[in-house]
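So this one's model_35.txt, compact mmCIF, N, CA, C and O atoms:
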```txt
# COMPACT_ATOMS: atom_id res chain seq x y z
N MET A 781 123.16 77.57 80.35
CA MET A 781 122.04 77.86 81.23
C MET A 781 121.15 76.63 81.28
O MET A 781 120.65 76.18 80.25
N ASP A 782 120.99 76.08 82.47
CA ASP A 782 120.03 75.01 82.68
C ASP A 782 118.74 75.65 83.19
O ASP A 782 118.79 76.59 84.00
N ILE A 783 117.61 75.15 82.74
CA ILE A 783 116.31 75.68 83.13
C ILE A 783 115.43 74.51 83.55
O ILE A 783 115.25 73.56 82.78
N ILE A 784 114.90 74.59 84.75
CA ILE A 784 113.99 73.57 85.26
C ILE A 784 112.60 74.19 85.32
O ILE A 784 112.42 75.25 85.92
N THR A 785 111.64 73.52 84.70
CA THR A 785 110.26 74.00 84.69
C THR A 785 109.37 72.93 85.30
O THR A 785 109.46 71.76 84.92
N ALA A 786 108.53 73.34 86.24
CA ALA A 786 107.58 72.42 86.87
C ALA A 786 106.20 73.05 86.83
O ALA A 786 106.04 74.21 87.24
N VAL A 787 105.22 72.30 86.36
CA VAL A 787 103.85 72.79 86.28
C VAL A 787 102.99 71.94 87.20
O VAL A 787 103.02 70.71 87.15
N THR A 788 102.25 72.61 88.08
CA THR A 788 101.31 71.96 88.98
C THR A 788 99.99 72.71 88.90
O THR A 788 99.90 73.84 89.36
N GLY A 789 99.01 72.09 88.28
CA GLY A 789 97.72 72.74 88.13
C GLY A 789 97.86 74.01 87.29
O GLY A 789 98.37 73.97 86.18
N THR A 790 97.42 75.14 87.86
CA THR A 790 97.49 76.41 87.13
C THR A 790 98.75 77.21 87.47
O THR A 790 98.87 78.36 87.08
N SER A 791 99.67 76.59 88.19
CA SER A 791 100.91 77.27 88.59
C SER A 791 102.12 76.61 87.93
O SER A 791 102.14 75.41 87.70
N ALA A 792 103.13 77.44 87.68
CA ALA A 792 104.39 76.93 87.13
C ALA A 792 105.54 77.59 87.88
O ALA A 792 105.44 78.74 88.29
N ARG A 793 106.60 76.83 88.04
CA ARG A 793 107.83 77.34 88.63
C ARG A 793 108.94 77.14 87.61
O ARG A 793 109.14 76.03 87.13
N ILE A 794 109.63 78.24 87.29
CA ILE A 794 110.76 78.18 86.37
C ILE A 794 112.00 78.52 87.18
O ILE A 794 112.07 79.57 87.81
N THR A 795 112.98 77.61 87.15
CA THR A 795 114.21 77.78 87.92
C THR A 795 115.40 77.81 86.97
O THR A 795 115.84 76.76 86.49
N PRO A 796 115.91 79.01 86.68
CA PRO A 796 117.13 79.07 85.88
C PRO A 796 118.35 78.82 86.75
O PRO A 796 118.38 79.21 87.92
N CYS A 797 119.33 78.13 86.21
CA CYS A 797 120.56 77.84 86.93
C CYS A 797 121.71 78.50 86.18
O CYS A 797 122.17 77.99 85.17
N GLY A 798 122.11 79.67 86.66
CA GLY A 798 123.18 80.43 86.02
C GLY A 798 122.80 81.90 85.94
O GLY A 798 121.74 82.32 86.40
N ASP A 799 123.70 82.67 85.36
CA ASP A 799 123.48 84.11 85.22
C ASP A 799 122.39 84.40 84.20
O ASP A 799 122.28 83.70 83.18
N ILE A 800 121.62 85.44 84.47
CA ILE A 800 120.62 85.90 83.50
C ILE A 800 121.19 87.15 82.83
O ILE A 800 121.35 88.19 83.46
N ASP A 801 121.52 86.98 81.54
CA ASP A 801 122.04 88.08 80.74
C ASP A 801 121.42 87.96 79.35
O ASP A 801 120.51 87.14 79.14
N SER A 802 121.91 88.74 78.41
CA SER A 802 121.29 88.74 77.08
C SER A 802 121.38 87.37 76.40
O SER A 802 120.49 87.00 75.64
N ASP A 803 122.44 86.60 76.69
CA ASP A 803 122.56 85.26 76.10
C ASP A 803 121.52 84.29 76.67
O ASP A 803 121.09 83.37 75.97
N ALA A 804 121.13 84.48 77.90
CA ALA A 804 120.17 83.58 78.55
C ALA A 804 118.73 83.98 78.30
O ALA A 804 117.82 83.17 78.55
N LEU A 805 118.50 85.19 77.84
CA LEU A 805 117.13 85.69 77.72
C LEU A 805 116.27 84.85 76.77
O LEU A 805 115.13 84.49 77.11
N ALA A 806 116.76 84.51 75.60
CA ALA A 806 115.95 83.76 74.62
C ALA A 806 115.51 82.39 75.16
O ALA A 806 114.33 82.06 75.09
N PRO A 807 116.42 81.58 75.74
CA PRO A 807 115.94 80.29 76.25
C PRO A 807 114.99 80.43 77.44
O PRO A 807 114.07 79.63 77.60
N LEU A 808 115.18 81.47 78.25
CA LEU A 808 114.27 81.67 79.38
C LEU A 808 112.88 82.10 78.89
O LEU A 808 111.87 81.64 79.39
N ARG A 809 112.85 82.99 77.91
CA ARG A 809 111.56 83.38 77.33
C ARG A 809 110.88 82.18 76.67
O ARG A 809 109.67 82.02 76.75
N ALA A 810 111.67 81.35 76.02
CA ALA A 810 111.10 80.16 75.37
C ALA A 810 110.48 79.23 76.42
O ALA A 810 109.42 78.65 76.18
N ALA A 811 111.13 79.11 77.58
CA ALA A 811 110.57 78.27 78.65
C ALA A 811 109.25 78.84 79.13
O ALA A 811 108.28 78.09 79.36
N ALA A 812 109.17 80.15 79.28
CA ALA A 812 107.92 80.78 79.72
C ALA A 812 106.85 80.67 78.63
O ALA A 812 105.68 80.39 78.93
N ASP A 813 107.24 80.87 77.38
CA ASP A 813 106.28 80.79 76.27
C ASP A 813 105.75 79.36 76.07
O ASP A 813 104.66 79.18 75.54
N ALA A 814 106.53 78.36 76.49
CA ALA A 814 106.11 76.97 76.31
C ALA A 814 105.14 76.49 77.39
O ALA A 814 104.65 75.36 77.31
N LEU A 815 104.87 77.33 78.37
CA LEU A 815 103.93 76.92 79.43
C LEU A 815 102.55 76.71 78.84
O LEU A 815 102.14 77.43 77.93
N PRO A 816 101.80 75.74 79.37
CA PRO A 816 100.44 75.50 78.88
C PRO A 816 99.56 76.73 79.08
O PRO A 816 99.77 77.51 80.02
N PRO A 817 98.58 76.93 78.23
CA PRO A 817 97.72 78.12 78.32
C PRO A 817 96.93 78.22 79.62
O PRO A 817 96.55 79.32 80.02
N HIS A 818 96.71 77.09 80.33
CA HIS A 818 95.92 77.14 81.56
C HIS A 818 96.73 77.67 82.76
O HIS A 818 96.17 77.94 83.81
N VAL A 819 98.05 77.86 82.59
CA VAL A 819 98.89 78.37 83.69
C VAL A 819 98.61 79.85 83.88
O VAL A 819 98.73 80.65 82.95
N THR A 820 98.20 80.22 85.10
CA THR A 820 97.89 81.62 85.41
C THR A 820 98.88 82.24 86.39
O THR A 820 98.90 83.46 86.54
N ASP A 821 99.69 81.42 87.06
CA ASP A 821 100.68 81.92 88.02
C ASP A 821 102.05 81.36 87.64
O ASP A 821 102.22 80.14 87.55
N VAL A 822 103.01 82.26 87.44
CA VAL A 822 104.37 81.86 87.10
C VAL A 822 105.31 82.35 88.19
O VAL A 822 105.33 83.54 88.51
N GLN A 823 106.05 81.44 88.78
CA GLN A 823 107.03 81.78 89.80
C GLN A 823 108.42 81.56 89.22
O GLN A 823 108.74 80.47 88.75
N TRP A 824 109.22 82.61 89.25
CA TRP A 824 110.62 82.51 88.86
C TRP A 824 111.42 82.29 90.14
O TRP A 824 111.43 83.14 91.02
N ASP A 825 112.05 81.14 90.24
CA ASP A 825 112.86 80.80 91.42
C ASP A 825 114.32 81.07 91.07
O ASP A 825 114.92 80.34 90.29
N LEU A 826 114.87 82.14 91.63
CA LEU A 826 116.21 82.58 91.26
C LEU A 826 117.28 82.21 92.28
O LEU A 826 118.34 82.84 92.34
N HIS A 827 117.05 81.16 93.07
CA HIS A 827 118.03 80.80 94.08
C HIS A 827 119.36 80.34 93.48
O HIS A 827 120.39 80.41 94.14
N ASP A 828 119.36 79.89 92.22
CA ASP A 828 120.60 79.49 91.54
C ASP A 828 121.05 80.53 90.52
O ASP A 828 121.76 80.20 89.56
N THR A 829 120.63 81.78 90.70
CA THR A 829 121.00 82.87 89.80
C THR A 829 121.80 83.91 90.57
O THR A 829 121.24 84.76 91.26
N PRO A 830 123.14 83.84 90.48
CA PRO A 830 123.96 84.78 91.24
C PRO A 830 124.01 86.18 90.63
O PRO A 830 124.25 87.16 91.33
N PHE A 831 123.80 86.29 89.30
CA PHE A 831 123.91 87.57 88.61
C PHE A 831 122.77 87.72 87.63
O PHE A 831 122.37 86.78 86.95
N MET A 832 122.25 88.97 87.54
CA MET A 832 121.21 89.28 86.57
C MET A 832 121.45 90.70 86.07
O MET A 832 121.66 91.61 86.88
N ASP A 833 121.43 90.88 84.75
CA ASP A 833 121.53 92.23 84.21
C ASP A 833 120.14 92.69 83.78
O ASP A 833 119.13 92.06 84.12
N VAL A 834 120.07 93.78 83.03
CA VAL A 834 118.78 94.35 82.66
C VAL A 834 117.91 93.36 81.87
O VAL A 834 116.69 93.47 81.87
N SER A 835 118.52 92.36 81.26
CA SER A 835 117.74 91.32 80.56
C SER A 835 116.77 90.64 81.51
O SER A 835 115.65 90.31 81.14
N GLY A 836 117.20 90.44 82.75
CA GLY A 836 116.33 89.83 83.74
C GLY A 836 115.12 90.69 84.05
O GLY A 836 114.03 90.17 84.31
N LEU A 837 115.30 92.01 84.04
CA LEU A 837 114.15 92.89 84.28
C LEU A 837 113.12 92.71 83.17
O LEU A 837 111.91 92.64 83.45
N HIS A 838 113.57 92.63 81.93
CA HIS A 838 112.64 92.41 80.82
C HIS A 838 111.94 91.07 80.94
O HIS A 838 110.77 90.94 80.61
N LEU A 839 112.65 90.09 81.43
CA LEU A 839 112.09 88.76 81.60
C LEU A 839 110.99 88.74 82.67
O LEU A 839 109.97 88.09 82.51
N LEU A 840 111.21 89.47 83.76
CA LEU A 840 110.29 89.40 84.89
C LEU A 840 109.06 90.28 84.74
O LEU A 840 108.09 90.11 85.47
N LEU A 841 109.09 91.20 83.80
CA LEU A 841 107.89 91.99 83.54
C LEU A 841 106.87 91.09 82.85
O LEU A 841 107.19 90.45 81.84
N PRO A 842 105.67 91.00 83.39
CA PRO A 842 104.69 90.08 82.78
C PRO A 842 104.34 90.52 81.37
O PRO A 842 104.04 91.68 81.12
N ALA A 843 104.41 89.60 80.44
CA ALA A 843 104.07 89.88 79.04
C ALA A 843 102.57 89.79 78.82
O ALA A 843 102.06 90.26 77.83
N SER A 844 101.89 89.20 79.76
CA SER A 844 100.45 88.98 79.61
C SER A 844 99.74 89.31 80.92
O SER A 844 100.21 88.96 81.99
N ALA A 845 98.63 89.98 80.81
CA ALA A 845 97.84 90.31 81.99
C ALA A 845 97.16 89.05 82.56
O ALA A 845 96.68 89.08 83.68
N GLN A 846 97.15 87.96 81.80
CA GLN A 846 96.50 86.74 82.26
C GLN A 846 97.38 85.94 83.22
O GLN A 846 96.91 84.99 83.83
N ARG A 847 98.64 86.30 83.36
CA ARG A 847 99.55 85.56 84.24
C ARG A 847 100.13 86.46 85.31
O ARG A 847 100.64 87.53 85.03
N ARG A 848 100.04 85.97 86.54
CA ARG A 848 100.65 86.67 87.67
C ARG A 848 102.08 86.14 87.81
O ARG A 848 102.32 84.94 87.81
N VAL A 849 103.03 87.06 87.93
CA VAL A 849 104.45 86.69 88.02
C VAL A 849 104.96 87.01 89.41
O VAL A 849 104.76 88.12 89.92
N THR A 850 105.61 86.03 90.04
CA THR A 850 106.28 86.24 91.32
C THR A 850 107.73 85.77 91.19
O THR A 850 108.06 84.98 90.31
N VAL A 851 108.57 86.28 92.09
CA VAL A 851 109.99 85.93 92.10
C VAL A 851 110.36 85.50 93.50
O VAL A 851 109.99 86.16 94.48
N THR A 852 111.09 84.39 93.61
CA THR A 852 111.57 83.92 94.91
C THR A 852 113.06 83.62 94.80
O THR A 852 113.61 83.54 93.70
N GLY A 853 113.69 83.46 95.94
CA GLY A 853 115.08 83.04 95.99
C GLY A 853 116.07 84.08 95.51
O GLY A 853 117.16 83.72 95.07
N LEU A 854 115.71 85.35 95.61
CA LEU A 854 116.61 86.39 95.12
C LEU A 854 117.90 86.46 95.92
O LEU A 854 117.87 86.57 97.15
N ARG A 855 119.01 86.39 95.24
CA ARG A 855 120.31 86.59 95.86
C ARG A 855 120.61 88.09 95.85
O ARG A 855 119.84 88.88 95.31
N SER A 856 121.69 88.49 96.47
CA SER A 856 121.93 89.92 96.73
C SER A 856 122.00 90.77 95.45
O SER A 856 121.37 91.83 95.39
N GLN A 857 122.74 90.36 94.45
CA GLN A 857 122.88 91.21 93.26
C GLN A 857 121.57 91.34 92.48
O GLN A 857 121.16 92.45 92.16
N PRO A 858 120.85 90.25 92.18
CA PRO A 858 119.55 90.42 91.50
C PRO A 858 118.56 91.24 92.33
O PRO A 858 117.80 92.04 91.78
N LEU A 859 118.59 91.07 93.65
CA LEU A 859 117.70 91.86 94.50
C LEU A 859 118.04 93.35 94.39
O LEU A 859 117.14 94.19 94.26
N ARG A 860 119.32 93.69 94.44
CA ARG A 860 119.72 95.10 94.32
C ARG A 860 119.26 95.68 92.99
O ARG A 860 118.79 96.82 92.92
N LEU A 861 119.35 94.91 91.91
CA LEU A 861 118.91 95.38 90.60
C LEU A 861 117.40 95.63 90.59
O LEU A 861 116.94 96.66 90.10
N LEU A 862 116.63 94.72 91.16
CA LEU A 862 115.17 94.91 91.22
C LEU A 862 114.80 96.11 92.08
O LEU A 862 113.90 96.88 91.74
N LEU A 863 115.49 96.29 93.20
CA LEU A 863 115.22 97.45 94.06
C LEU A 863 115.55 98.75 93.35
O LEU A 863 114.81 99.73 93.46
N LEU A 864 116.65 98.77 92.62
CA LEU A 864 117.02 99.96 91.85
C LEU A 864 115.96 100.26 90.79
O LEU A 864 115.54 101.40 90.63
N ALA A 865 115.51 99.24 90.08
CA ALA A 865 114.47 99.43 89.07
C ALA A 865 113.17 99.94 89.70
O ALA A 865 112.50 100.81 89.14
N ALA A 866 112.83 99.43 90.87
CA ALA A 866 111.62 99.87 91.56
C ALA A 866 111.76 101.31 92.05
O ALA A 866 110.78 102.06 92.05
N ASP A 867 112.97 101.70 92.47
CA ASP A 867 113.20 103.09 92.89
C ASP A 867 113.05 104.05 91.70
O ASP A 867 112.51 105.14 91.83
N ILE A 868 113.54 103.62 90.55
CA ILE A 868 113.49 104.47 89.35
C ILE A 868 112.07 104.56 88.81
O ILE A 868 111.63 105.61 88.38
N ASN A 869 111.35 103.46 88.85
CA ASN A 869 109.99 103.41 88.31
C ASN A 869 109.06 102.72 89.30
O ASN A 869 108.75 101.54 89.15
N PRO A 870 108.61 103.44 90.34
CA PRO A 870 107.73 102.84 91.36
C PRO A 870 106.48 102.22 90.72
O PRO A 870 105.94 102.73 89.77
N GLY A 871 106.07 101.10 91.27
CA GLY A 871 104.87 100.42 90.79
C GLY A 871 105.16 99.37 89.73
O GLY A 871 104.29 98.56 89.43
N THR A 872 106.37 99.37 89.17
CA THR A 872 106.70 98.39 88.15
C THR A 872 106.75 96.99 88.74
O THR A 872 106.24 96.04 88.17
N PHE A 873 107.39 96.89 89.91
CA PHE A 873 107.51 95.61 90.58
C PHE A 873 106.81 95.73 91.94
O PHE A 873 107.42 96.11 92.92
N ASP A 874 105.53 95.42 91.97
CA ASP A 874 104.77 95.49 93.21
C ASP A 874 105.25 94.43 94.18
O ASP A 874 105.64 93.34 93.80
N GLY A 875 105.23 94.76 95.47
CA GLY A 875 105.54 93.79 96.50
C GLY A 875 107.00 93.71 96.90
O GLY A 875 107.35 92.91 97.74
N LEU A 876 107.85 94.55 96.32
CA LEU A 876 109.25 94.55 96.73
C LEU A 876 109.39 95.30 98.05
O LEU A 876 108.68 96.27 98.30
N PRO A 877 110.30 94.86 98.90
CA PRO A 877 110.53 95.60 100.13
C PRO A 877 111.16 96.95 99.83
O PRO A 877 111.71 97.17 98.76
N ALA A 878 111.08 97.85 100.78
CA ALA A 878 111.70 99.16 100.61
C ALA A 878 113.20 98.98 100.48
O ALA A 878 113.79 98.09 101.07
N SER A 879 113.82 99.83 99.68
CA SER A 879 115.27 99.73 99.52
C SER A 879 115.93 100.13 100.83
O SER A 879 115.36 100.87 101.63
N PRO A 880 117.16 99.66 101.09
CA PRO A 880 117.84 99.97 102.36
C PRO A 880 117.95 101.46 102.60
O PRO A 880 117.93 101.91 103.74
N ALA A 881 118.06 102.27 101.56
CA ALA A 881 118.17 103.73 101.73
C ALA A 881 116.88 104.32 102.30
O ALA A 881 116.89 105.37 102.92
N GLU A 882 115.74 103.65 102.07
CA GLU A 882 114.46 104.15 102.55
C GLU A 882 114.10 103.61 103.92
O GLU A 882 113.19 104.08 104.56
N SER A 883 114.77 102.57 104.37
CA SER A 883 114.43 101.93 105.64
C SER A 883 114.96 102.73 106.80
O SER A 883 115.90 103.42 106.74
```

Could you express the structure from this file as structure tokens?
Amino acid sequence: MDIITAVTGTSARITPCGDIDSDALAPLRAAADALPPHVTDVQWDLHDTPFMDVSGLHLLLPASAQRRVTVTGLRSQPLRLLLLAADINPGTFDGLPASPAES
């Protein structure tokens, strides 16, 4: 798993390259934990993430109320997983589009 982290002012972008599973969770959390304390916005750019299991859901849930978490570049499988999680527990992931079954 390659991880690219870029910090600009109070924002950070973390771009994992590869699948997000239980093996990738620790290094991804370490990348997020290593962000400077002044970072208030974290963007996970998943354009190079073709697969994500439930480990990714744990990763994307904000661990701190001081940081706003957003996700971009969702490919089809990670998007389906997030939509399923949002259907099961509404409000967990604010801002997701309605699932295709609801459209």

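All residues of region 829-874 of chain A that DSSP, run on the backbone, classes as strand (DSSP E) are Arg848, Val849, Thr850, Val851 and Thr852 of chain A.
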
Just to be explicit: take each residue in the selection above, keep N, CA, C and O atoms, and write the result as a short mmCIF file (atom, residue, chain, number, x, y, z; two decimals), in the frame of the given file.
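again_32.cif written:
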```cif
data_model
loop_
_atom_site.label_atom_id
_atom_site.label_comp_id
_atom_site.auth_asym_id
_atom_site.auth_seq_id
_atom_site.Cartn_x
_atom_site.Cartn_y
_atom_site.Cartn_z
N ARG A 848 100.04 85.97 86.54
CA ARG A 848 100.65 86.67 87.67
C ARG A 848 102.08 86.14 87.81
O ARG A 848 102.32 84.94 87.81
N VAL A 849 103.03 87.06 87.93
CA VAL A 849 104.45 86.69 88.02
C VAL A 849 104.96 87.01 89.41
O VAL A 849 104.76 88.12 89.92
N THR A 850 105.61 86.03 90.04
CA THR A 850 106.28 86.24 91.32
C THR A 850 107.73 85.77 91.19
O THR A 850 108.06 84.98 90.31
N VAL A 851 108.57 86.28 92.09
CA VAL A 851 109.99 85.93 92.10
C VAL A 851 110.36 85.50 93.50
O VAL A 851 109.99 86.16 94.48
N THR A 852 111.09 84.39 93.61
CA THR A 852 111.57 83.92 94.91
C THR A 852 113.06 83.62 94.80
O THR A 852 113.61 83.54 93.70
#
```

### Task
Neighbourhood query: residues within 6 Å of (110.6, 76.6, 82.3), file coordinates, counting all atoms listed in the file; return as number ranges by chain.
A: 783-786, 793-795, 808, 811-812

### Message
Can you pull out the residues contacting Leu854 (chain A)? Cut-off 8 Å, using all atoms listed in the file, and skip same-chain residues under 3 positions away; I want them as a PyMOL selection string.
### Response
chain A and resi 824-830+851+857-860

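Distances from A:Arg847, A:Arg809, A:Leu861, A:Pro816 to Met832 (chain A) were compared using all atoms listed in the file, and the smallest one belongs to A:Leu861.
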
### Query
Leaving out Leu805 (chain A) and any residue of its chain fewer than 5 positions from it, which residues lie within 9 Å of it when counting only C-alpha atoms, given as a VMD selection string?
chain A and resid 800 810 835 to 836 838 to 839

### Query
Near Val822 (chain A), within 4.5 Å and counting only N, CA, C and O atoms, which residues show up once chain neighbours fewer than 5 positions away are dropped, as a VMD selection string?
chain A and resid 792 848 to 850

### Message
What's the separation between atom O of Val819 (chain A) and atom C of Leu840 (chain A), in Å to one decimal place?
### Response
14.2 Å

### Message
I'd like the interatomic distance between atom N of Arg855 (chain A) and atom N of Gly789 (chain A), to a tenth of an Å.
### Response
25.6 Å

### Task
Provide the atom N of Leu863 (chain A) to atom O of Met781 (chain A) distance in Å, to one decimal place.
24.5 Å

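For the residues A:Thr790, A:Cys797, A:Asp867, A:Val834, ranking by smallest atom-to-atom distance to Thr820 (chain A) using only N, CA, C and O atoms places A:Thr790 first.
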
### Query
In chain A, what's alpha helix (DSSP H) per DSSP? Answer as a ChimeraX atom specification?
/A:802-813,834-840,856-868

Would you mind exporting N, CA, C and O atoms of the selected residues as a compact mmCIF listing (two decimals), in the coordinates of the input?
```txt
# COMPACT_ATOMS: atom_id res chain seq x y z
N SER A 802 121.91 88.74 78.41
CA SER A 802 121.29 88.74 77.08
C SER A 802 121.38 87.37 76.40
O SER A 802 120.49 87.00 75.64
N ASP A 803 122.44 86.60 76.69
CA ASP A 803 122.56 85.26 76.10
C ASP A 803 121.52 84.29 76.67
O ASP A 803 121.09 83.37 75.97
N ALA A 804 121.13 84.48 77.90
CA ALA A 804 120.17 83.58 78.55
C ALA A 804 118.73 83.98 78.30
O ALA A 804 117.82 83.17 78.55
N LEU A 805 118.50 85.19 77.84
CA LEU A 805 117.13 85.69 77.72
C LEU A 805 116.27 84.85 76.77
O LEU A 805 115.13 84.49 77.11
N ALA A 806 116.76 84.51 75.60
CA ALA A 806 115.95 83.76 74.62
C ALA A 806 115.51 82.39 75.16
O ALA A 806 114.33 82.06 75.09
N PRO A 807 116.42 81.58 75.74
CA PRO A 807 115.94 80.29 76.25
C PRO A 807 114.99 80.43 77.44
O PRO A 807 114.07 79.63 77.60
N LEU A 808 115.18 81.47 78.25
CA LEU A 808 114.27 81.67 79.38
C LEU A 808 112.88 82.10 78.89
O LEU A 808 111.87 81.64 79.39
N ARG A 809 112.85 82.99 77.91
CA ARG A 809 111.56 83.38 77.33
C ARG A 809 110.88 82.18 76.67
O ARG A 809 109.67 82.02 76.75
N ALA A 810 111.67 81.35 76.02
CA ALA A 810 111.10 80.16 75.37
C ALA A 810 110.48 79.23 76.42
O ALA A 810 109.42 78.65 76.18
N ALA A 811 111.13 79.11 77.58
CA ALA A 811 110.57 78.27 78.65
C ALA A 811 109.25 78.84 79.13
O ALA A 811 108.28 78.09 79.36
N ALA A 812 109.17 80.15 79.28
CA ALA A 812 107.92 80.78 79.72
C ALA A 812 106.85 80.67 78.63
O ALA A 812 105.68 80.39 78.93
N ASP A 813 107.24 80.87 77.38
CA ASP A 813 106.28 80.79 76.27
C ASP A 813 105.75 79.36 76.07
O ASP A 813 104.66 79.18 75.54
N VAL A 834 120.07 93.78 83.03
CA VAL A 834 118.78 94.35 82.66
C VAL A 834 117.91 93.36 81.87
O VAL A 834 116.69 93.47 81.87
N SER A 835 118.52 92.36 81.26
CA SER A 835 117.74 91.32 80.56
C SER A 835 116.77 90.64 81.51
O SER A 835 115.65 90.31 81.14
N GLY A 836 117.20 90.44 82.75
CA GLY A 836 116.33 89.83 83.74
C GLY A 836 115.12 90.69 84.05
O GLY A 836 114.03 90.17 84.31
N LEU A 837 115.30 92.01 84.04
CA LEU A 837 114.15 92.89 84.28
C LEU A 837 113.12 92.71 83.17
O LEU A 837 111.91 92.64 83.45
N HIS A 838 113.57 92.63 81.93
CA HIS A 838 112.64 92.41 80.82
C HIS A 838 111.94 91.07 80.94
O HIS A 838 110.77 90.94 80.61
N LEU A 839 112.65 90.09 81.43
CA LEU A 839 112.09 88.76 81.60
C LEU A 839 110.99 88.74 82.67
O LEU A 839 109.97 88.09 82.51
N LEU A 840 111.21 89.47 83.76
CA LEU A 840 110.29 89.40 84.89
C LEU A 840 109.06 90.28 84.74
O LEU A 840 108.09 90.11 85.47
N SER A 856 121.69 88.49 96.47
CA SER A 856 121.93 89.92 96.73
C SER A 856 122.00 90.77 95.45
O SER A 856 121.37 91.83 95.39
N GLN A 857 122.74 90.36 94.45
CA GLN A 857 122.88 91.21 93.26
C GLN A 857 121.57 91.34 92.48
O GLN A 857 121.16 92.45 92.16
N PRO A 858 120.85 90.25 92.18
CA PRO A 858 119.55 90.42 91.50
C PRO A 858 118.56 91.24 92.33
O PRO A 858 117.80 92.04 91.78
N LEU A 859 118.59 91.07 93.65
CA LEU A 859 117.70 91.86 94.50
C LEU A 859 118.04 93.35 94.39
O LEU A 859 117.14 94.19 94.26
N ARG A 860 119.32 93.69 94.44
CA ARG A 860 119.72 95.10 94.32
C ARG A 860 119.26 95.68 92.99
O ARG A 860 118.79 96.82 92.92
N LEU A 861 119.35 94.91 91.91
CA LEU A 861 118.91 95.38 90.60
C LEU A 861 117.40 95.63 90.59
O LEU A 861 116.94 96.66 90.10
N LEU A 862 116.63 94.72 91.16
CA LEU A 862 115.17 94.91 91.22
C LEU A 862 114.80 96.11 92.08
O LEU A 862 113.90 96.88 91.74
N LEU A 863 115.49 96.29 93.20
CA LEU A 863 115.22 97.45 94.06
C LEU A 863 115.55 98.75 93.35
O LEU A 863 114.81 99.73 93.46
N LEU A 864 116.65 98.77 92.62
CA LEU A 864 117.02 99.96 91.85
C LEU A 864 115.96 100.26 90.79
O LEU A 864 115.54 101.40 90.63
N ALA A 865 115.51 99.24 90.08
CA ALA A 865 114.47 99.43 89.07
C ALA A 865 113.17 99.94 89.70
O ALA A 865 112.50 100.81 89.14
N ALA A 866 112.83 99.43 90.87
CA ALA A 866 111.62 99.87 91.56
C ALA A 866 111.76 101.31 92.05
O ALA A 866 110.78 102.06 92.05
N ASP A 867 112.97 101.70 92.47
CA ASP A 867 113.20 103.09 92.89
C ASP A 867 113.05 104.05 91.70
O ASP A 867 112.51 105.14 91.83
N ILE A 868 113.54 103.62 90.55
CA ILE A 868 113.49 104.47 89.35
C ILE A 868 112.07 104.56 88.81
O ILE A 868 111.63 105.61 88.38
```
